[in-house]
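This is data-v9.txt (compact mmCIF, C-alpha atoms).
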```txt
# COMPACT_ATOMS: atom_id res chain seq x y z
CA MET A 4 27.01 2.74 -27.30
CA ALA A 5 24.90 4.63 -29.80
CA LEU A 6 22.93 7.50 -28.33
CA GLN A 7 20.26 7.41 -31.04
CA ASP A 8 18.68 4.98 -33.47
CA SER A 9 20.08 5.82 -36.91
CA ALA A 10 16.92 4.46 -38.53
CA HIS A 11 14.77 7.21 -36.99
CA PRO A 12 15.04 11.01 -36.71
CA PRO A 13 17.00 12.18 -33.63
CA GLY A 14 14.82 12.95 -30.64
CA ASN A 15 15.24 13.14 -26.88
CA GLY A 16 17.45 11.14 -24.60
CA ALA A 17 19.94 10.98 -21.76
CA VAL A 18 22.89 9.12 -20.31
CA PHE A 19 22.87 8.51 -16.56
CA LEU A 20 25.66 7.33 -14.28
CA LEU A 21 25.22 3.91 -12.68
CA ARG A 22 26.37 2.90 -9.21
CA ASN A 23 27.78 -0.38 -10.52
CA SER A 24 28.76 -1.87 -13.87
CA PRO A 25 26.37 -4.31 -15.61
CA ALA A 26 27.76 -7.81 -16.15
CA GLN A 27 26.42 -8.09 -19.70
CA ASN A 28 25.03 -6.06 -22.58
CA ALA A 29 21.27 -5.53 -22.51
CA ALA A 30 18.80 -3.43 -24.49
CA ILE A 31 15.01 -3.23 -24.38
CA GLN A 32 12.24 -1.07 -25.80
CA LEU A 33 9.58 0.07 -23.37
CA SER A 34 6.78 2.64 -23.79
CA GLY A 35 8.42 4.29 -26.78
CA TRP A 36 11.90 4.41 -25.27
CA THR A 37 15.04 2.38 -25.92
CA ILE A 38 17.07 1.61 -22.80
CA GLN A 39 20.48 -0.01 -23.07
CA VAL A 40 23.48 -0.89 -20.93
CA ALA A 41 26.87 -2.37 -21.78
CA ALA A 42 29.00 -4.80 -19.81
CA GLY A 43 31.57 -3.03 -17.65
CA VAL A 44 30.20 0.47 -18.38
CA LYS A 45 28.74 2.46 -15.49
CA ALA A 46 26.11 4.18 -17.60
CA VAL A 47 22.62 3.65 -18.99
CA VAL A 48 21.60 5.16 -22.32
CA VAL A 49 17.96 5.98 -22.98
CA TYR A 50 16.39 7.64 -26.03
CA GLY A 51 12.96 8.24 -27.45
CA HIS A 52 10.72 11.11 -28.51
CA SER A 53 9.19 12.56 -25.36
CA GLY A 54 9.84 15.67 -23.30
CA ALA A 55 10.41 19.32 -24.13
CA GLY A 56 13.63 21.21 -23.47
CA PRO A 57 16.32 20.15 -20.99
CA ASP A 58 14.09 19.78 -17.93
CA GLY A 59 11.27 17.91 -19.66
CA SER A 60 13.69 15.64 -21.49
CA HIS A 61 15.62 14.89 -18.30
CA THR A 62 12.44 14.06 -16.36
CA ALA A 63 11.01 11.83 -19.09
CA ALA A 64 14.32 10.08 -19.79
CA LEU A 65 15.01 9.44 -16.10
CA ALA A 66 11.60 7.84 -15.63
CA ALA A 67 12.13 5.70 -18.73
CA ALA A 68 15.64 4.68 -17.63
CA ASN A 69 14.42 3.58 -14.20
CA ASN A 70 11.49 1.66 -15.70
CA GLY A 71 13.85 -0.06 -18.11
CA LEU A 72 16.34 -0.97 -15.39
CA ASP A 73 13.44 -2.30 -13.28
CA TYR A 74 12.48 -4.68 -16.09
CA MET A 75 16.09 -5.72 -16.71
CA SER A 76 16.48 -6.57 -13.04
CA ALA A 77 13.23 -8.57 -12.99
CA ARG A 78 14.43 -10.49 -16.07
CA GLY A 79 17.89 -11.14 -14.62
CA LEU A 80 19.60 -9.11 -17.36
CA CYS A 81 21.33 -6.72 -14.97
CA ASP A 82 21.01 -5.23 -11.50
CA ALA A 83 22.03 -1.59 -11.67
CA ALA A 84 20.97 1.63 -9.96
CA ILE A 85 21.26 5.22 -11.14
CA ARG A 86 23.23 7.65 -8.99
CA ASP A 87 23.62 11.44 -9.19
CA ALA A 88 20.89 11.66 -11.81
CA PHE A 89 21.11 15.46 -11.98
CA ASP A 90 24.76 15.99 -11.10
CA GLN A 91 26.33 13.65 -13.66
CA CYS A 92 24.41 13.12 -16.88
CA PHE A 93 24.03 13.94 -20.55
CA VAL A 94 20.64 15.04 -21.84
CA TRP A 95 19.58 16.04 -25.35
CA TRP A 96 16.51 17.38 -27.10
CA PRO A 97 15.56 18.85 -30.50
CA ASP A 98 15.06 22.54 -31.15
CA SER A 99 14.44 24.51 -34.36
CA ASN A 100 18.08 24.18 -35.47
CA GLY A 101 18.77 20.56 -34.57
CA ILE A 102 19.82 18.63 -31.49
CA VAL A 103 21.08 20.36 -28.36
CA LEU A 104 23.23 18.15 -26.10
CA ARG A 105 23.94 19.20 -22.53
CA ALA A 106 26.32 17.70 -19.98
CA ASN A 107 25.66 18.27 -16.28
CA VAL A 108 28.82 18.39 -14.18
CA VAL A 109 28.21 19.18 -10.51
CA ARG A 110 30.91 18.84 -7.88
CA THR A 111 29.80 18.47 -4.25
CA LEU A 112 32.10 19.93 -1.60
CA THR A 113 31.81 19.11 2.10
CA SER A 114 32.54 21.91 4.56
CA SER A 115 33.40 21.57 8.22
CA PHE A 116 34.18 24.22 10.81
CA THR A 117 35.69 23.92 14.28
CA ALA A 118 36.41 26.56 16.89
CA THR A 119 37.88 26.70 20.35
CA VAL A 120 36.45 29.21 22.82
CA THR A 121 38.17 30.11 26.09
CA ALA A 122 36.04 31.85 28.71
CA VAL A 123 37.73 34.16 31.21
CA ASP A 124 36.57 35.88 34.36
CA ALA A 125 36.75 39.62 35.10
CA ASP A 126 40.44 39.31 35.95
CA GLY A 127 41.26 37.50 32.74
CA ASN A 128 41.69 34.11 34.34
CA PRO A 129 40.46 31.12 32.30
CA ILE A 130 37.22 29.63 33.56
CA PRO A 131 37.33 25.82 33.72
CA GLN A 132 35.36 24.33 30.87
CA VAL A 133 32.36 22.11 31.48
CA PRO A 134 33.48 18.52 30.89
CA PRO A 135 31.90 16.72 27.92
CA PRO A 136 28.95 14.44 28.70
CA THR A 137 29.59 10.86 29.69
CA PRO A 138 29.09 8.62 26.64
CA THR A 139 25.86 6.67 26.68
CA GLN A 140 24.04 4.19 24.45
CA HIS A 141 20.58 4.46 22.98
CA ASP A 142 19.12 2.60 20.01
CA ALA A 143 18.03 5.94 18.54
CA PHE A 144 21.70 6.77 17.99
CA ARG A 145 22.07 3.75 15.67
CA PHE A 146 19.12 4.84 13.56
CA ILE A 147 20.47 8.40 13.45
CA ARG A 148 23.87 7.18 12.26
CA MET A 149 22.34 4.97 9.58
CA SER A 150 20.22 7.91 8.42
CA ARG A 151 23.11 10.37 8.26
CA THR A 152 25.41 7.98 6.40
CA SER A 153 22.94 6.66 3.82
CA GLU A 154 23.28 7.69 0.18
CA TYR A 155 19.58 6.95 -0.41
CA LEU A 156 16.98 9.52 0.59
CA PHE A 157 14.28 6.94 1.31
CA ASP A 158 16.56 4.87 3.55
CA SER A 159 17.72 7.99 5.34
CA TYR A 160 14.15 9.10 6.03
CA ARG A 161 13.07 5.65 7.24
CA ASN A 162 15.96 5.44 9.68
CA MET A 163 15.43 8.97 10.96
CA PHE A 164 11.77 8.24 11.62
CA LEU A 165 12.75 5.05 13.43
CA ALA A 166 15.06 7.17 15.59
CA PHE A 167 12.06 9.41 16.26
CA GLU A 168 9.93 6.44 17.31
CA ALA A 169 12.71 5.10 19.54
CA ILE A 170 12.95 8.38 21.44
CA LEU A 171 9.17 8.84 21.59
CA SER A 172 8.72 5.35 23.05
CA ASP A 173 11.41 6.15 25.59
CA ILE A 174 9.50 9.27 26.66
CA ARG A 175 6.06 7.68 26.54
CA PRO A 176 6.10 3.84 26.21
CA ARG A 177 3.28 2.08 24.40
CA LYS A 178 0.89 0.79 27.03
CA ILE A 179 -1.14 -2.39 27.41
CA LYS A 180 -4.90 -1.90 27.74
CA THR A 181 -7.10 -3.61 30.29
CA ASN A 182 -8.06 -6.19 27.66
CA GLY A 183 -4.40 -7.24 27.40
CA ARG A 184 -3.81 -5.67 24.00
CA LEU A 185 -1.40 -2.90 23.13
CA GLU A 186 -2.94 0.48 22.50
CA GLY A 187 -3.31 1.32 18.82
CA GLU A 188 -0.30 2.61 16.91
CA GLY A 189 -1.97 5.90 16.02
CA GLU A 190 -3.30 6.39 19.53
CA TRP A 191 0.17 5.81 21.01
CA PHE A 192 1.91 8.05 18.47
CA LYS A 193 -0.33 11.04 19.21
CA LYS A 194 0.03 10.62 22.98
CA ALA A 195 3.81 10.27 22.59
CA LEU A 196 3.93 13.49 20.55
CA ARG A 197 2.10 15.35 23.30
CA ALA A 198 4.56 13.95 25.85
CA ALA A 199 7.54 14.99 23.70
CA ASP A 200 6.04 18.47 23.42
CA GLN A 201 6.85 18.92 27.11
CA HIS A 202 10.56 18.58 26.26
CA VAL A 203 10.73 20.33 22.85
CA PRO A 204 7.66 22.01 21.30
CA ILE A 205 6.43 19.90 18.38
CA ALA A 206 4.98 22.95 16.60
CA SER A 207 8.28 23.26 14.70
CA LEU A 208 7.37 20.09 12.76
CA ALA A 209 4.10 21.50 11.42
CA PRO A 210 3.14 24.56 9.35
CA THR A 211 2.37 27.66 11.39
CA ASP A 212 -1.24 27.65 10.19
CA ALA A 213 -1.90 24.01 11.21
CA ALA A 214 -4.94 23.81 13.49
CA SER A 215 -3.31 20.98 15.45
CA ALA A 216 0.38 20.16 15.23
CA VAL A 217 -0.28 16.64 16.53
CA GLU A 218 -2.93 15.88 13.91
CA TRP A 219 -0.84 17.43 11.11
CA ILE A 220 2.26 15.40 12.03
CA TYR A 221 0.21 12.22 12.30
CA LYS A 222 -1.50 12.74 8.94
CA ASN A 223 1.47 13.99 6.91
CA MET A 224 4.72 12.79 8.46
CA TYR A 225 3.40 9.53 9.89
CA GLY A 226 0.61 8.70 7.46
CA ASP A 227 1.91 10.06 4.14
CA GLU A 228 5.68 9.99 4.48
CA ARG A 229 6.57 7.29 7.01
CA SER A 230 3.81 4.86 5.99
CA GLY A 231 4.26 5.74 2.31
CA LEU A 232 7.83 4.43 2.58
CA MET A 233 6.80 1.23 4.34
CA HIS A 234 3.92 0.10 2.09
CA ALA A 235 3.34 -0.36 -1.65
CA LYS A 236 -0.24 -1.51 -2.00
CA GLN A 237 -1.66 -0.92 -5.48
CA GLY A 238 -4.46 1.61 -5.47
CA GLN A 239 -3.00 3.46 -2.47
CA GLU A 240 -0.47 6.29 -2.32
CA TYR A 241 3.15 5.29 -1.71
CA HIS A 242 6.64 6.53 -2.53
CA LEU A 243 8.50 4.85 -5.38
CA PRO A 244 12.33 4.78 -5.13
CA GLN A 245 14.14 7.21 -7.45
CA ASP A 246 10.85 8.90 -8.36
CA ASP A 247 11.31 12.67 -8.36
CA LYS A 248 7.65 13.44 -7.58
CA SER A 249 8.05 13.22 -3.79
CA ARG A 250 11.79 13.90 -3.52
CA ARG A 251 11.54 17.57 -2.50
CA GLN A 252 8.75 16.82 -0.03
CA LEU A 253 10.82 14.14 1.72
CA GLU A 254 14.00 16.23 1.72
CA THR A 255 12.18 19.12 3.39
CA SER A 256 10.49 16.82 5.89
CA LEU A 257 13.77 15.07 6.71
CA ASP A 258 15.43 18.43 7.36
CA SER A 259 12.79 19.50 9.88
CA LEU A 260 12.62 16.01 11.42
CA TRP A 261 16.38 15.92 12.04
CA THR A 262 16.36 19.44 13.50
CA TYR A 263 13.64 18.41 15.94
CA ILE A 264 15.21 15.06 16.84
CA SER A 265 18.61 16.62 17.57
CA ALA A 266 16.91 19.06 19.95
CA LEU A 267 14.90 16.25 21.55
CA VAL A 268 18.00 14.10 22.04
CA ALA A 269 19.72 17.03 23.75
CA ALA A 270 16.72 17.74 25.99
CA ARG A 271 15.85 14.15 26.86
CA LEU A 272 19.21 12.36 26.76
CA GLY A 273 21.64 15.22 27.35
CA VAL A 274 23.55 14.60 24.12
CA SER A 275 24.02 17.74 22.00
CA HIS A 276 24.90 17.55 18.31
CA GLN A 277 27.72 19.85 17.22
CA SER A 278 26.99 21.55 13.90
CA GLY A 279 28.44 24.27 11.71
CA GLY A 280 28.73 25.33 8.09
CA PHE A 281 28.20 28.07 5.54
CA VAL A 282 25.19 30.33 5.66
CA GLN A 283 23.36 30.52 2.33
CA GLY A 284 24.45 34.07 1.55
CA GLY A 285 28.08 33.21 2.23
CA TRP A 286 28.02 30.29 -0.20
CA GLU A 287 26.37 32.45 -2.88
CA LEU A 288 29.14 35.06 -2.59
CA LEU A 289 31.82 32.36 -2.69
CA THR A 290 30.20 30.78 -5.75
CA GLN A 291 29.98 34.11 -7.57
CA ASN A 292 33.68 34.73 -6.91
CA LEU A 293 34.65 31.20 -7.94
CA PHE A 294 32.85 31.34 -11.29
CA SER A 295 34.42 34.71 -12.09
CA GLN A 296 37.83 33.01 -12.10
CA ILE A 297 37.21 29.73 -13.91
CA LYS A 298 36.53 28.53 -17.44
CA ILE A 299 33.99 25.97 -18.60
CA VAL A 300 35.82 23.76 -21.07
CA ILE A 301 35.77 20.59 -23.16
CA SER A 302 38.75 18.66 -24.46
CA ASP A 303 39.80 15.64 -26.49
CA ASP A 304 42.71 15.03 -24.08
CA GLU A 305 43.11 11.34 -23.27
CA SER A 306 44.54 11.68 -19.75
CA PRO A 307 42.66 10.34 -16.67
CA ARG A 308 39.69 12.36 -15.38
CA THR A 309 40.72 13.72 -11.99
CA VAL A 310 40.31 17.01 -10.17
CA ASP A 311 43.22 19.10 -8.90
CA THR A 312 45.39 18.07 -11.87
CA ARG A 313 45.85 19.81 -15.23
CA PHE A 314 42.81 19.54 -17.49
CA ALA A 315 44.76 18.56 -20.62
CA PRO A 316 48.25 17.44 -19.57
CA THR A 317 48.94 15.37 -22.70
CA GLY A 318 48.44 18.30 -25.04
CA GLY A 319 44.85 17.74 -26.12
CA SER A 320 42.90 20.65 -27.53
CA ILE A 321 40.78 22.73 -25.15
CA VAL A 322 37.66 24.61 -26.22
CA GLU A 323 36.23 27.22 -23.87
CA LEU A 324 32.44 27.50 -23.74
CA VAL A 325 30.64 30.84 -23.51
CA PRO A 326 29.44 31.17 -19.90
CA GLY A 327 26.08 32.50 -18.78
CA PRO A 328 25.19 34.08 -15.43
CA VAL A 329 25.52 32.34 -12.09
CA VAL A 330 22.24 30.67 -11.10
CA MET A 331 21.52 29.33 -7.61
CA ALA A 332 19.66 26.18 -8.69
CA GLU A 333 19.29 25.20 -5.01
CA PRO A 334 20.11 27.11 -1.81
CA PHE A 335 23.67 25.74 -1.75
CA LEU A 336 24.15 24.89 -5.43
CA GLY A 337 25.56 27.53 -7.78
CA THR A 338 25.62 26.75 -11.51
CA VAL A 339 26.73 28.33 -14.76
CA LEU A 340 25.65 27.16 -18.22
CA GLY A 341 28.37 27.21 -20.86
CA THR A 342 27.40 26.95 -24.55
CA HIS A 343 29.21 26.23 -27.80
CA THR A 344 27.64 26.31 -31.26
CA LEU A 345 29.10 23.52 -33.36
CA GLY A 346 30.37 24.41 -36.79
CA ARG A 347 33.36 23.94 -39.01
CA GLY A 348 36.44 23.15 -36.93
CA ALA A 349 34.44 22.42 -33.77
CA PRO A 350 35.40 19.28 -31.81
CA ARG A 351 33.32 16.21 -32.61
CA ALA A 352 35.08 13.87 -30.17
CA ILE A 353 34.95 14.95 -26.52
CA ARG A 354 36.74 13.08 -23.75
CA LYS A 355 36.64 15.65 -20.96
CA ILE A 356 33.94 18.08 -19.84
CA GLY A 357 34.24 20.37 -16.84
CA ALA A 358 35.86 23.50 -15.45
CA MET A 359 39.43 24.65 -14.88
CA ASP A 360 41.10 27.64 -13.28
CA ALA A 361 43.36 30.21 -14.97
CA ASP A 362 46.34 27.86 -14.55
CA GLY A 363 44.57 24.99 -16.31
CA VAL A 364 43.95 22.97 -13.13
CA THR A 365 40.76 20.88 -13.14
CA LEU A 366 38.11 22.03 -10.65
CA ALA A 367 35.17 19.93 -11.88
CA ILE A 368 35.04 17.00 -14.31
CA SER A 369 32.31 14.77 -15.71
CA ALA A 370 32.29 11.29 -14.17
CA LEU A 371 30.88 9.74 -17.35
CA CYS A 372 33.79 7.99 -19.02
CA GLY A 373 34.52 7.26 -22.65
CA THR A 374 34.63 9.34 -25.82
CA LEU A 375 31.54 11.35 -26.70
CA GLU A 376 31.29 11.50 -30.50
CA LEU A 377 28.91 14.17 -31.79
CA GLY A 378 27.13 13.54 -35.06
CA THR A 379 26.13 16.23 -37.51
CA SER A 380 22.62 16.41 -36.05
CA VAL A 381 24.03 18.04 -32.88
CA LYS A 382 24.11 21.78 -33.49
CA ARG A 383 24.81 23.10 -29.98
CA PHE A 384 26.73 21.68 -27.07
CA GLU A 385 26.15 22.86 -23.49
CA ALA A 386 27.79 22.17 -20.16
CA LEU A 387 26.03 22.99 -16.91
CA VAL A 388 28.79 23.20 -14.31
CA GLY A 389 27.94 23.56 -10.64
CA PHE A 390 29.41 23.54 -7.16
CA ARG A 391 27.32 22.34 -4.23
CA ASN A 392 28.13 22.77 -0.56
CA ILE A 393 27.03 20.35 2.13
CA SER A 394 27.81 20.61 5.82
CA ALA A 395 29.62 17.66 7.38
CA THR A 396 27.67 18.09 10.61
CA GLY A 397 24.45 19.84 9.57
CA PRO A 398 21.21 18.34 8.24
CA ARG A 399 21.56 16.02 5.24
CA THR A 400 20.71 18.09 2.17
CA HIS A 401 21.96 15.93 -0.70
CA PHE A 402 21.65 12.26 -1.65
CA SER A 403 23.12 10.47 -4.64
CA ALA A 404 19.85 8.53 -5.08
```

Conversion result in structure tokens:
Amino acid sequence: MALQDSAHPPGNGAVFLLRNSPAQNAAIQLSGWTIQVAAGVKAVVVYGHSGAGPDGSHTAALAAANNGLDYMSARGLCDAAIRDAFDQCFVWWPDSNGIVLRANVVRTLTSSFTATVTAVDADGNPIPQVPPPTPTQHDAFRFIRMSRTSEYLFDSYRNMFLAFEAILSDIRPRKIKTNGRLEGEGEWFKKALRAADQHVPIASLAPTDAASAVEWIYKNMYGDERSGLMHAKQGQEYHLPQDDKSRRQLETSLDSLWTYISALVAARLGVSHQSGGFVQGGWELLTQNLFSQIKIVISDDESPRTVDTRFAPTGGSIVELVPGPVVMAEPFLGTVLGTHTLGRGAPRAIRKIGAMDADGVTLAISALCGTLELGTSVKRFEALVGFRNISATGPRTHFSA
């Protein structure tokens, strides 16, 4: 697929990874952007003339790509969803010298820690361990599992809030008034929060300067976040899937909600959640050490794109990019930007983008398949390579969509 319209000057654009392959070719123009997909290719190409620099171009192109895919789905042209919009993408923009094209290649690593502790008395004799709790069933557990296994932030938040409601209604059931009607939803929710506060203080869910934790939780977590995910009435505030505007807000809220729910489940139901992982400082040190030993590279090698194998086993050329400093883009995401100014003798056909160690073994690789052919308008190529850590048992901190 062409990444620009040859009839117009090069501008801004991006390529995003799709969760599934479209069944047919489709291309539309919408709000100054061209959005196109190809049958069997897990990628959407979008280009136009909006956005400044890498961040502005990425934001504008992502919005345009989603709007275009929305229309294609409504028309029956294709049903496709973007995944890993930051982690796996190409984005380009013009600067004073020409077009700069950047590839984002982020590898997510899951960490898990286990330990066995043996307690002994004063004489060194092992103290019998407390037996694990007897397994039990509660509907909240189903919602928790669905939340923790979802790849979609919005679905994860909805299920976690449903788990919250299930436990709250167990602590303080919704009552029937004298007139035979159930008490109002908001009235019940506030009373249930106050009842839950007797088990685990609810102040942890609200800012420290909130005048009333109950009122803050009801207004923000229930009214804005929970209800904003359940409704989509025009003229009212709601959360649109794959819209970055509220992503950080929901991620932060989900983190605090899960921390509170896990404590409430332990206090109310006697089921404790085992958790462990890196501390932020430890991951930063590990990332610094890792990037000091690897190379950010591109290649025209035609072998399959897999990690833990040689980057160019069939003898393709390898070009090393000039690395910048390590940047912690997120608390557990370390990145390095590699750059290469294109000139005479520079590769114009790229099949692999990523990072390798001193022995040439692939540590990170772009998931976007195919050959990337760079025209003469591209003057600089960049690769943003990153390594993200997520805990297998801790709060969910990363979603593919």

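Each of A:Arg391, A:Arg229, A:Arg161, A:Arg151 was checked against Ala332 of chain A using all atoms listed in the file; the smallest atom-to-atom distance is that of A:Arg391.
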
### Message
Let me make sure I understand: among A:Asp212, A:Tyr155, A:Arg197, A:Glu188, which one has the smallest atom-to-atom distance to Tyr225 of chain A if we use only C-alpha atoms?
### Response
A:Glu188

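Across the structure, atom CA of Asp58 of chain A and atom CA of Val108 of chain A are spaced 15.3 Å apart.
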
### Task
Identify the residues within 10 Å of coordinate (28.2, 33.6, -5.2) (same frame as the file), considering only C-alpha atoms, and give the answer as a ChimeraX atom specification.
/A:283-295,329-331,335-338

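Residue nearest Arg78 of chain A within the list A:Val123, A:Ala29, A:Ala166, A:Ala46: A:Ala29 [criterion: smallest interatomic distance, all atoms listed in the file].
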
### Task
Rounded to one decimal place, report the atom CA of Thr62 of chain A-atom CA of Lys248 of chain A distance in Å.
10.0 Å

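Using all atoms listed in the file for every distance, the candidate list A:Met163, A:Pro334, A:Ser302, A:Thr37 yields A:Thr37 as the residue closest to Ala5 of chain A.
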
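Rounded to one decimal, atom CA of Ile205 of chain A and atom CA of Gly273 of chain A lie 18.3 Å from each other.
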
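Only residues having an atom at most 10 Å from (12.8, 16.1, 2.6) are included; using all atoms listed in the file, these are Leu156, Phe157, Ser159, Tyr160, Glu228, Ser249, Arg250, Arg251, Gln252, Leu253, Glu254, Thr255, Ser256, Leu257, Asp258, Ser259, Leu260, Arg399, Thr400 and His401 of chain A.
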
Fewer than 6 positions away in the same chain doesn't count, so skip those; otherwise give me all residues within 7 Å of Gln91 of chain A, counting only C-alpha atoms, as a compact mmCIF listing (two decimals) with C-alpha atoms, keeping the file's coordinate frame.
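And here is the file that came out, around-v5.txt:
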```txt
# COMPACT_ATOMS: atom_id res chain seq x y z
CA PHE A 19 22.87 8.51 -16.56
CA LEU A 20 25.66 7.33 -14.28
CA ASN A 107 25.66 18.27 -16.28
CA VAL A 108 28.82 18.39 -14.18
CA VAL A 109 28.21 19.18 -10.51
CA SER A 369 32.31 14.77 -15.71
CA ALA A 370 32.29 11.29 -14.17
```

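Shortest separation to Leu6 of chain A among A:Trp95, A:Phe192, A:Phe89, A:Tyr74 occurs at residue A:Trp95, atoms counted being all atoms listed in the file.
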
### Task
Identify, on the basis of all atoms listed in the file, every residue whose closest approach to Ser230 of chain A does not exceed 10 Å; exclude the query and any residue fewer than 5 positions from it along the same chain; express the result as a PyMOL selection string.
chain A and resi 161+222-225+235+240-242

Restricted to C-alpha atoms, what would the selected residues look like written as a short mmCIF file (atom, residue, chain, number, x, y, z; two decimals), in the frame of the given file?
```cif
data_model
loop_
_atom_site.label_atom_id
_atom_site.label_comp_id
_atom_site.auth_asym_id
_atom_site.auth_seq_id
_atom_site.Cartn_x
_atom_site.Cartn_y
_atom_site.Cartn_z
CA ARG A 161 13.07 5.65 7.24
CA LYS A 222 -1.50 12.74 8.94
CA ASN A 223 1.47 13.99 6.91
CA MET A 224 4.72 12.79 8.46
CA TYR A 225 3.40 9.53 9.89
CA ALA A 235 3.34 -0.36 -1.65
CA GLU A 240 -0.47 6.29 -2.32
CA TYR A 241 3.15 5.29 -1.71
CA HIS A 242 6.64 6.53 -2.53
#
```

Using 3 Å of padding on each side, determine the axis-aligned box around all atoms of segment 256-275 of chain A present in the file and give its centre and edge lengths in Å to one decimal, as AutoDock Vina command-line options.
```
--center_x 17.3 --center_y 15.9 --center_z 16.6 --size_x 19.5 --size_y 13.1 --size_z 27.5
```

Output segment 161-166 of chain A as a short mmCIF file (atom, residue, chain, number, x, y, z; two decimals), in the coordinates of the input, making sure all heavy atoms are there.
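Saved file result.cif follows:
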```cif
data_model
loop_
_atom_site.label_atom_id
_atom_site.label_comp_id
_atom_site.auth_asym_id
_atom_site.auth_seq_id
_atom_site.Cartn_x
_atom_site.Cartn_y
_atom_site.Cartn_z
N ARG A 161 13.59 6.76 6.43
CA ARG A 161 13.07 5.65 7.24
C ARG A 161 13.84 5.53 8.56
O ARG A 161 13.25 5.38 9.64
CB ARG A 161 13.15 4.34 6.46
CG ARG A 161 11.96 4.08 5.55
CD ARG A 161 11.99 2.66 5.04
NE ARG A 161 13.10 2.43 4.13
CZ ARG A 161 13.03 2.50 2.81
NH1 ARG A 161 11.89 2.79 2.24
NH2 ARG A 161 14.08 2.27 2.07
N ASN A 162 15.16 5.59 8.47
CA ASN A 162 15.96 5.44 9.68
C ASN A 162 15.79 6.62 10.63
O ASN A 162 15.78 6.44 11.85
CB ASN A 162 17.44 5.26 9.32
CG ASN A 162 17.80 3.83 8.99
OD1 ASN A 162 17.69 2.95 9.83
ND2 ASN A 162 18.20 3.59 7.75
N MET A 163 15.64 7.82 10.08
CA MET A 163 15.43 8.97 10.96
C MET A 163 14.09 8.88 11.67
O MET A 163 13.97 9.24 12.84
CB MET A 163 15.53 10.27 10.16
CG MET A 163 15.59 11.53 11.03
SD MET A 163 17.02 11.56 12.15
CE MET A 163 18.34 11.93 10.98
N PHE A 164 13.07 8.37 10.96
CA PHE A 164 11.77 8.24 11.62
C PHE A 164 11.82 7.13 12.68
O PHE A 164 11.16 7.24 13.72
CB PHE A 164 10.67 7.94 10.60
CG PHE A 164 9.32 8.42 11.06
CD1 PHE A 164 8.82 9.64 10.63
CD2 PHE A 164 8.55 7.68 11.94
CE1 PHE A 164 7.59 10.11 11.07
CE2 PHE A 164 7.32 8.12 12.38
CZ PHE A 164 6.83 9.35 11.95
N LEU A 165 12.59 6.09 12.42
CA LEU A 165 12.75 5.05 13.43
C LEU A 165 13.47 5.61 14.66
O LEU A 165 13.16 5.22 15.81
CB LEU A 165 13.52 3.86 12.85
CG LEU A 165 12.75 3.03 11.83
CD1 LEU A 165 13.67 2.02 11.15
CD2 LEU A 165 11.57 2.31 12.48
N ALA A 166 14.42 6.50 14.46
CA ALA A 166 15.06 7.17 15.59
C ALA A 166 14.03 7.97 16.37
O ALA A 166 14.03 7.99 17.62
CB ALA A 166 16.18 8.08 15.10
#
```
